[in-house]
>>> print(open('start.pdb').read())   # PDB, C-alpha atoms and all ligand atoms
ATOM      1  CA  MET A 312     -10.086  24.169  -8.040
ATOM      2  CA  THR A 313      -9.378  21.085  -6.000
ATOM      3  CA  SER A 314      -6.152  21.962  -4.219
ATOM      4  CA  PHE A 315      -6.479  21.367  -0.558
ATOM      5  CA  GLU A 316      -4.795  24.207   1.255
ATOM      6  CA  LEU A 317      -5.179  25.118   4.880
ATOM      7  CA  GLU A 318      -6.252  28.678   4.181
ATOM      8  CA  ASP A 319      -8.815  27.468   1.720
ATOM      9  CA  MET A 320     -10.457  24.514   3.383
ATOM     10  CA  GLU A 321     -13.947  25.470   2.325
ATOM     11  CA  GLU A 322     -13.276  25.134  -1.347
ATOM     12  CA  LYS A 323     -15.451  22.420  -2.811
ATOM     13  CA  ILE A 324     -15.308  20.307  -5.909
ATOM     14  CA  HIS A 325     -18.075  21.176  -8.349
ATOM     15  CA  CYS A 326     -19.118  18.247 -10.460
ATOM     16  CA  ARG A 327     -22.005  16.345 -11.941
ATOM     17  CA  ALA A 328     -20.833  12.755 -11.673
ATOM     18  CA  VAL A 329     -19.231  10.824  -8.854
ATOM     19  CA  ILE A 330     -17.422   7.629  -9.812
ATOM     20  CA  PHE A 331     -16.631   5.247  -6.994
ATOM     21  CA  ASP A 332     -14.029   2.544  -6.841
ATOM     22  CA  PHE A 333     -15.565  -0.687  -5.523
ATOM     23  CA  ASP A 334     -13.229  -2.820  -3.381
ATOM     24  CA  GLY A 335     -12.144  -0.945  -0.269
ATOM     25  CA  THR A 336     -14.142   2.167  -1.183
ATOM     26  CA  LEU A 337     -17.810   1.065  -1.216
ATOM     27  CA  ALA A 338     -17.303  -2.569  -0.202
ATOM     28  CA  ASP A 339     -15.332  -3.427   2.886
ATOM     29  CA  SER A 340     -13.658  -6.223   0.955
ATOM     30  CA  MET A 341      -9.960  -5.445   1.191
ATOM     31  CA  PRO A 342      -9.097  -7.562   4.253
ATOM     32  CA  PHE A 343     -10.709 -10.564   2.537
ATOM     33  CA  LEU A 344      -9.161  -9.904  -0.878
ATOM     34  CA  GLN A 345      -5.722  -9.283   0.566
ATOM     35  CA  SER A 346      -5.862 -12.465   2.618
ATOM     36  CA  ILE A 347      -6.718 -14.678  -0.368
ATOM     37  CA  GLY A 348      -4.417 -12.710  -2.681
ATOM     38  CA  VAL A 349      -1.490 -13.262  -0.330
ATOM     39  CA  GLU A 350      -2.406 -16.894   0.323
ATOM     40  CA  VAL A 351      -2.449 -17.647  -3.414
ATOM     41  CA  MET A 352       0.940 -15.978  -3.972
ATOM     42  CA  MET A 353       2.485 -17.976  -1.111
ATOM     43  CA  LYS A 354       1.013 -21.238  -2.352
ATOM     44  CA  HIS A 355       1.789 -20.923  -6.054
ATOM     45  CA  PHE A 356       5.084 -19.017  -6.021
ATOM     46  CA  ASP A 357       6.635 -20.190  -2.759
ATOM     47  CA  VAL A 358       7.221 -16.656  -1.441
ATOM     48  CA  SER A 359       7.203 -15.666   2.240
ATOM     49  CA  LYS A 360       4.155 -14.040   3.784
ATOM     50  CA  ASP A 361       5.947 -10.688   4.163
ATOM     51  CA  ASP A 362       7.063 -10.799   0.557
ATOM     52  CA  ALA A 363       3.573 -11.722  -0.655
ATOM     53  CA  ILE A 364       1.981  -8.895   1.360
ATOM     54  CA  LYS A 365       4.418  -6.403  -0.132
ATOM     55  CA  ARG A 366       3.743  -7.666  -3.653
ATOM     56  CA  TYR A 367      -0.017  -7.527  -3.081
ATOM     57  CA  VAL A 368      -0.140  -4.063  -1.521
ATOM     58  CA  THR A 369       2.132  -2.354  -4.053
ATOM     59  CA  THR A 370      -0.118  -3.465  -6.912
ATOM     60  CA  THR A 371      -3.502  -3.243  -5.238
ATOM     61  CA  GLY A 372      -6.224  -1.474  -7.199
ATOM     62  CA  LEU A 373      -5.331  -3.461 -10.301
ATOM     63  CA  PRO A 374      -7.131  -6.625 -11.420
ATOM     64  CA  TYR A 375      -5.525  -9.637  -9.675
ATOM     65  CA  GLU A 376      -4.532 -10.943 -13.082
ATOM     66  CA  HIS A 377      -2.312  -7.876 -13.488
ATOM     67  CA  GLN A 378      -1.058  -8.028  -9.911
ATOM     68  CA  ILE A 379       0.235 -11.536 -10.609
ATOM     69  CA  LYS A 380       1.675 -10.740 -14.044
ATOM     70  CA  LEU A 381       3.487  -7.657 -12.715
ATOM     71  CA  ASN A 382       4.953  -9.565  -9.780
ATOM     72  CA  PHE A 383       5.847 -12.753 -11.635
ATOM     73  CA  PRO A 384       6.374 -11.761 -15.280
ATOM     74  CA  GLY A 385       6.167 -14.653 -17.712
ATOM     75  CA  ASP A 386       5.818 -17.264 -14.959
ATOM     76  CA  THR A 387       4.192 -20.501 -16.110
ATOM     77  CA  ARG A 388       2.313 -20.755 -12.788
ATOM     78  CA  ASN A 389       0.379 -17.508 -13.360
ATOM     79  CA  ALA A 390      -2.756 -18.920 -14.967
ATOM     80  CA  ALA A 391      -3.369 -21.430 -12.159
ATOM     81  CA  ALA A 392      -2.793 -18.788  -9.477
ATOM     82  CA  ILE A 393      -5.179 -16.308 -11.122
ATOM     83  CA  GLU A 394      -7.834 -18.988 -11.521
ATOM     84  CA  GLU A 395      -7.596 -20.073  -7.899
ATOM     85  CA  PHE A 396      -7.863 -16.471  -6.667
ATOM     86  CA  GLU A 397     -10.978 -15.823  -8.757
ATOM     87  CA  GLN A 398     -12.598 -19.025  -7.457
ATOM     88  CA  LEU A 399     -11.872 -18.121  -3.841
ATOM     89  CA  LYS A 400     -13.089 -14.579  -4.447
ATOM     90  CA  ILE A 401     -16.448 -15.454  -6.011
ATOM     91  CA  LYS A 402     -17.227 -17.874  -3.164
ATOM     92  CA  ARG A 403     -17.147 -15.215  -0.475
ATOM     93  CA  ILE A 404     -17.236 -11.741  -2.061
ATOM     94  CA  TYR A 405     -20.992 -11.390  -1.514
ATOM     95  CA  GLU A 406     -20.533 -11.949   2.227
ATOM     96  CA  GLN A 407     -18.401  -8.822   2.488
ATOM     97  CA  SER A 408     -20.190  -5.838   4.028
ATOM     98  CA  LEU A 409     -20.664  -2.438   2.542
ATOM     99  CA  VAL A 410     -18.466   0.205   4.138
ATOM    100  CA  PRO A 411     -20.632   1.494   7.055
ATOM    101  CA  ASP A 412     -21.525   4.902   5.609
ATOM    102  CA  ALA A 413     -21.558   3.844   1.933
ATOM    103  CA  GLU A 414     -25.313   3.451   1.520
ATOM    104  CA  GLN A 415     -26.167   6.681   3.328
ATOM    105  CA  THR A 416     -23.610   8.633   1.307
ATOM    106  CA  VAL A 417     -24.640   7.193  -2.054
ATOM    107  CA  ARG A 418     -28.348   7.718  -1.329
ATOM    108  CA  GLU A 419     -27.824  11.348  -0.344
ATOM    109  CA  LEU A 420     -25.623  12.112  -3.368
ATOM    110  CA  GLY A 421     -28.295  10.588  -5.595
ATOM    111  CA  ARG A 422     -30.955  12.700  -3.896
ATOM    112  CA  ARG A 423     -28.851  15.792  -4.640
ATOM    113  CA  GLY A 424     -28.898  14.925  -8.336
ATOM    114  CA  PHE A 425     -25.427  13.508  -8.924
ATOM    115  CA  ASP A 426     -24.964  10.810 -11.551
ATOM    116  CA  LEU A 427     -23.326   7.942  -9.684
ATOM    117  CA  PHE A 428     -21.081   5.276 -11.183
ATOM    118  CA  VAL A 429     -18.847   2.454 -10.041
ATOM    119  CA  SER A 430     -15.557   1.756 -11.798
ATOM    120  CA  SER A 431     -13.880  -1.419 -10.656
ATOM    121  CA  SER A 432     -11.101  -3.914 -11.287
ATOM    122  CA  THR A 433     -13.569  -6.614 -10.299
ATOM    123  CA  PHE A 434     -15.622  -8.231 -13.087
ATOM    124  CA  GLN A 435     -18.799  -6.321 -13.888
ATOM    125  CA  PRO A 436     -21.342  -9.122 -13.190
ATOM    126  CA  THR A 437     -19.761  -9.662  -9.762
ATOM    127  CA  VAL A 438     -20.037  -5.993  -8.807
ATOM    128  CA  GLU A 439     -23.621  -5.800 -10.081
ATOM    129  CA  GLU A 440     -24.658  -8.911  -8.191
ATOM    130  CA  TYR A 441     -23.023  -7.565  -5.030
ATOM    131  CA  PHE A 442     -25.064  -4.344  -5.128
ATOM    132  CA  ARG A 443     -28.216  -6.222  -6.151
ATOM    133  CA  ARG A 444     -27.899  -8.363  -3.031
ATOM    134  CA  LYS A 445     -27.300  -5.256  -0.891
ATOM    135  CA  GLY A 446     -30.425  -3.690  -2.415
ATOM    136  CA  ILE A 447     -28.757  -0.564  -3.789
ATOM    137  CA  LEU A 448     -27.985  -1.421  -7.401
ATOM    138  CA  ASP A 449     -30.629   1.046  -8.596
ATOM    139  CA  LEU A 450     -28.793   3.978  -7.012
ATOM    140  CA  PHE A 451     -26.100   3.797  -9.693
ATOM    141  CA  LYS A 452     -26.428   4.995 -13.240
ATOM    142  CA  ALA A 453     -23.985   2.291 -14.330
ATOM    143  CA  ILE A 454     -21.597  -0.276 -12.927
ATOM    144  CA  VAL A 455     -18.460  -0.363 -15.023
ATOM    145  CA  GLY A 456     -16.373  -3.416 -14.257
ATOM    146  CA  TYR A 457     -13.218  -5.026 -15.513
ATOM    147  CA  ARG A 458     -12.786  -7.183 -18.524
ATOM    148  CA  PRO A 459      -9.468  -7.715 -20.305
ATOM    149  CA  GLY A 460      -8.717  -4.569 -22.312
ATOM    150  CA  PHE A 461     -11.306  -2.511 -20.460
ATOM    151  CA  GLU A 462      -9.886  -1.291 -17.176
ATOM    152  CA  LYS A 463     -10.618   1.039 -14.326
ATOM    153  CA  GLY A 464      -9.087   4.369 -15.284
ATOM    154  CA  ALA A 465      -8.849   5.677 -18.846
ATOM    155  CA  ASP A 466     -11.060   3.013 -20.456
ATOM    156  CA  HIS A 467     -13.838   3.406 -17.913
ATOM    157  CA  PHE A 468     -13.718   7.203 -17.730
ATOM    158  CA  LYS A 469     -13.856   7.516 -21.524
ATOM    159  CA  HIS A 470     -16.752   5.054 -21.653
ATOM    160  CA  ILE A 471     -18.718   6.972 -19.012
ATOM    161  CA  SER A 472     -17.989  10.303 -20.662
ATOM    162  CA  ALA A 473     -19.039   9.136 -24.118
ATOM    163  CA  THR A 474     -22.075   7.084 -23.070
ATOM    164  CA  TYR A 475     -23.584   9.569 -20.634
ATOM    165  CA  ASP A 476     -22.267  12.796 -22.171
ATOM    166  CA  ILE A 477     -20.346  13.852 -19.095
ATOM    167  CA  PRO A 478     -17.167  15.895 -19.614
ATOM    168  CA  PHE A 479     -14.103  14.760 -17.624
ATOM    169  CA  GLU A 480     -14.065  18.091 -15.769
ATOM    170  CA  SER A 481     -17.518  17.282 -14.397
ATOM    171  CA  MET A 482     -16.381  13.982 -12.861
ATOM    172  CA  VAL A 483     -14.735  13.129  -9.596
ATOM    173  CA  PHE A 484     -13.268   9.703  -8.896
ATOM    174  CA  VAL A 485     -13.250   8.416  -5.316
ATOM    175  CA  GLY A 486     -10.861   5.580  -4.524
ATOM    176  CA  ASP A 487      -8.754   3.983  -1.820
ATOM    177  CA  SER A 488      -5.608   2.935  -3.666
ATOM    178  CA  LEU A 489      -2.587   4.765  -5.030
ATOM    179  CA  LYS A 490      -3.333   3.120  -8.396
ATOM    180  CA  ASP A 491      -6.750   4.798  -8.359
ATOM    181  CA  PHE A 492      -5.078   8.196  -7.974
ATOM    182  CA  GLU A 493      -2.527   7.430 -10.696
ATOM    183  CA  ARG A 494      -5.270   6.357 -13.093
ATOM    184  CA  SER A 495      -7.325   9.502 -12.526
ATOM    185  CA  LYS A 496      -4.408  11.740 -13.500
ATOM    186  CA  GLY A 497      -5.071  13.665 -16.684
ATOM    187  CA  PHE A 498      -8.771  12.781 -16.580
ATOM    188  CA  CYS A 499     -10.647  14.011 -13.569
ATOM    189  CA  ASP A 500     -10.521  15.143  -9.965
ATOM    190  CA  PHE A 501      -9.645  12.522  -7.401
ATOM    191  CA  ILE A 502     -10.617  12.157  -3.759
ATOM    192  CA  GLY A 503      -8.589   9.607  -1.830
ATOM    193  CA  VAL A 504     -10.075   7.455   0.928
ATOM    194  CA  THR A 505      -7.439   6.746   3.554
ATOM    195  CA  ASP A 506      -7.322   3.332   5.214
ATOM    196  CA  LEU A 507      -5.248   0.965   3.120
ATOM    197  CA  PHE A 508      -2.944   3.926   2.364
ATOM    198  CA  ASP A 509      -2.461   6.913   4.663
ATOM    199  CA  SER A 510      -2.293  10.594   3.749
ATOM    200  CA  GLU A 511       1.512  10.546   3.611
ATOM    201  CA  GLN A 512       1.488   7.746   1.042
ATOM    202  CA  PHE A 513      -1.044   9.569  -1.139
ATOM    203  CA  TYR A 514       1.104  12.706  -0.870
ATOM    204  CA  GLU A 515       4.267  10.812  -1.812
ATOM    205  CA  ALA A 516       2.415   9.415  -4.830
ATOM    206  CA  GLY A 517       1.786  13.013  -5.937
ATOM    207  CA  HIS A 518      -1.785  13.542  -4.803
ATOM    208  CA  ARG A 519      -2.348  17.142  -3.740
ATOM    209  CA  GLY A 520      -6.131  17.051  -3.651
ATOM    210  CA  LEU A 521      -8.705  15.976  -1.119
ATOM    211  CA  LEU A 522      -8.460  13.022   1.225
ATOM    212  CA  ILE A 523     -11.207  11.630   3.418
ATOM    213  CA  SER A 524     -11.301   8.883   6.012
ATOM    214  CA  HIS A 525     -15.063   8.287   5.807
ATOM    215  CA  LEU A 526     -17.280   8.408   2.721
ATOM    216  CA  ILE A 527     -19.873  10.555   4.464
ATOM    217  CA  GLU A 528     -17.372  13.449   4.374
ATOM    218  CA  LEU A 529     -18.052  13.661   0.629
ATOM    219  CA  LEU A 530     -21.363  15.337   1.373
ATOM    220  CA  GLY A 531     -19.545  18.449   2.580
ATOM    221  CA  LEU A 532     -16.883  18.447  -0.111
ATOM    222  CA  ILE A 533     -18.700  18.259  -3.424
ATOM    223  CA  ASP A 534     -21.427  20.398  -4.881
ATOM    224  CA  TYR A 535     -23.641  19.565  -7.820
ATOM    225  CA  PHE A 536     -22.689  21.648 -10.803
ATOM    226  CA  GLU A 537     -23.868  21.165 -14.359
ATOM    227  CA  THR A 538     -21.407  22.363 -16.970
ATOM    228  CA  SER A 539     -22.858  23.788 -20.112
ATOM    229  CA  SER A 540     -21.488  21.775 -22.998
TER     230      SER A 540
HETATM  231 MG    MG B   1     -10.062  -0.124  -4.070
END
>>> encode(input="start.pdb", output="structure tokens", more="lines below")
Ligand SMILES: [Mg+2]
Amino acid sequence: MTSFELEDMEEKIHCRAVIFDFDGTLADSMPFLQSIGVEVMMKHFDVSKDDAIKRYVTTTGLPYEHQIKLNFPGDTRNAAAIEEFEQLKIKRIYEQSLVPDAEQTVRELGRRGFDLFVSSSTFQPTVEEYFRRKGILDLFKAIVGYRPGFEKGADHFKHISATYDIPFESMVFVGDSLKDFERSKGFCDFIGVTDLFDSEQFYEAGHRGLLISHLIELLGLIDYFETSS
């Protein structure tokens, strides 16, 4: 239903719930997060800037804790690096703007009856506080954030499905990282937002579905559809 083929460009995704990634998808926070993520890697692990950028980008979409542990397995410096990143992040995350068309898109999808969720690798209270300060927390049915053992992807999708009685086939996940696509596989439709990664990189990662460059494009790509369960 979701294959994006030239001869069939008008085909839409029919769903009941839209789940948004947070960083880089609704919040324009990636330049900030990448800059502190890279800075911390350079400081704690004595790697070059180019090396740190590569390590950051290839693991982005995961909690920073996992980005560090994947890049520096078993390193005794990990805990201090993770702690410093989280301190730097909480100081300035609320200053980061919403993506320009995020509020308009989310408001209109809500008006059309979609159940809207956020699934993030950022801690839940941080994401909630961010949207509270932007004045749009009430547009979401739930904010589902990270805690150890409860991650964006399978854990969050299962939680949303069970708590709100929404089958996986009635969900679409919208995200900006290759990890977001990978984690949607086997669960629900995925729409990629290009910026951090371009269409070629999503394709190489195996994504054959929709890609957008602005959130507002969602309004023409998904239709509300209630499955009978
Ligand atoms: Mg993201």
>>> residues_near_point(input="start.pdb", point="(-12.7, 13.3, -10.3)", cutoff="10 Å", atoms="all atoms listed in the file", output="PyMOL selection string")
chain A and resi 313+324-331+468+479-486+492+495-502
>>> atom_distance(input="start.pdb", atom1="CA of Gly421 (chain A)", atom2="CA of Leu448 (chain A)")
12.1 Å
>>> atom_distance(input="start.pdb", atom1="CA of Thr474 (chain A)", atom2="CA of Thr371 (chain A)")
27.7 Å
>>> atom_distance(input="start.pdb", atom1="CA of Phe508 (chain A)", atom2="CA of Thr370 (chain A)")
12.2 Å
>>> closest_residue(input="start.pdb", among="A:Ala516, A:Arg494, A:Leu507, A:Leu522", to="Glu462 (chain A)", atoms="only C-alpha atoms")
A:Arg494
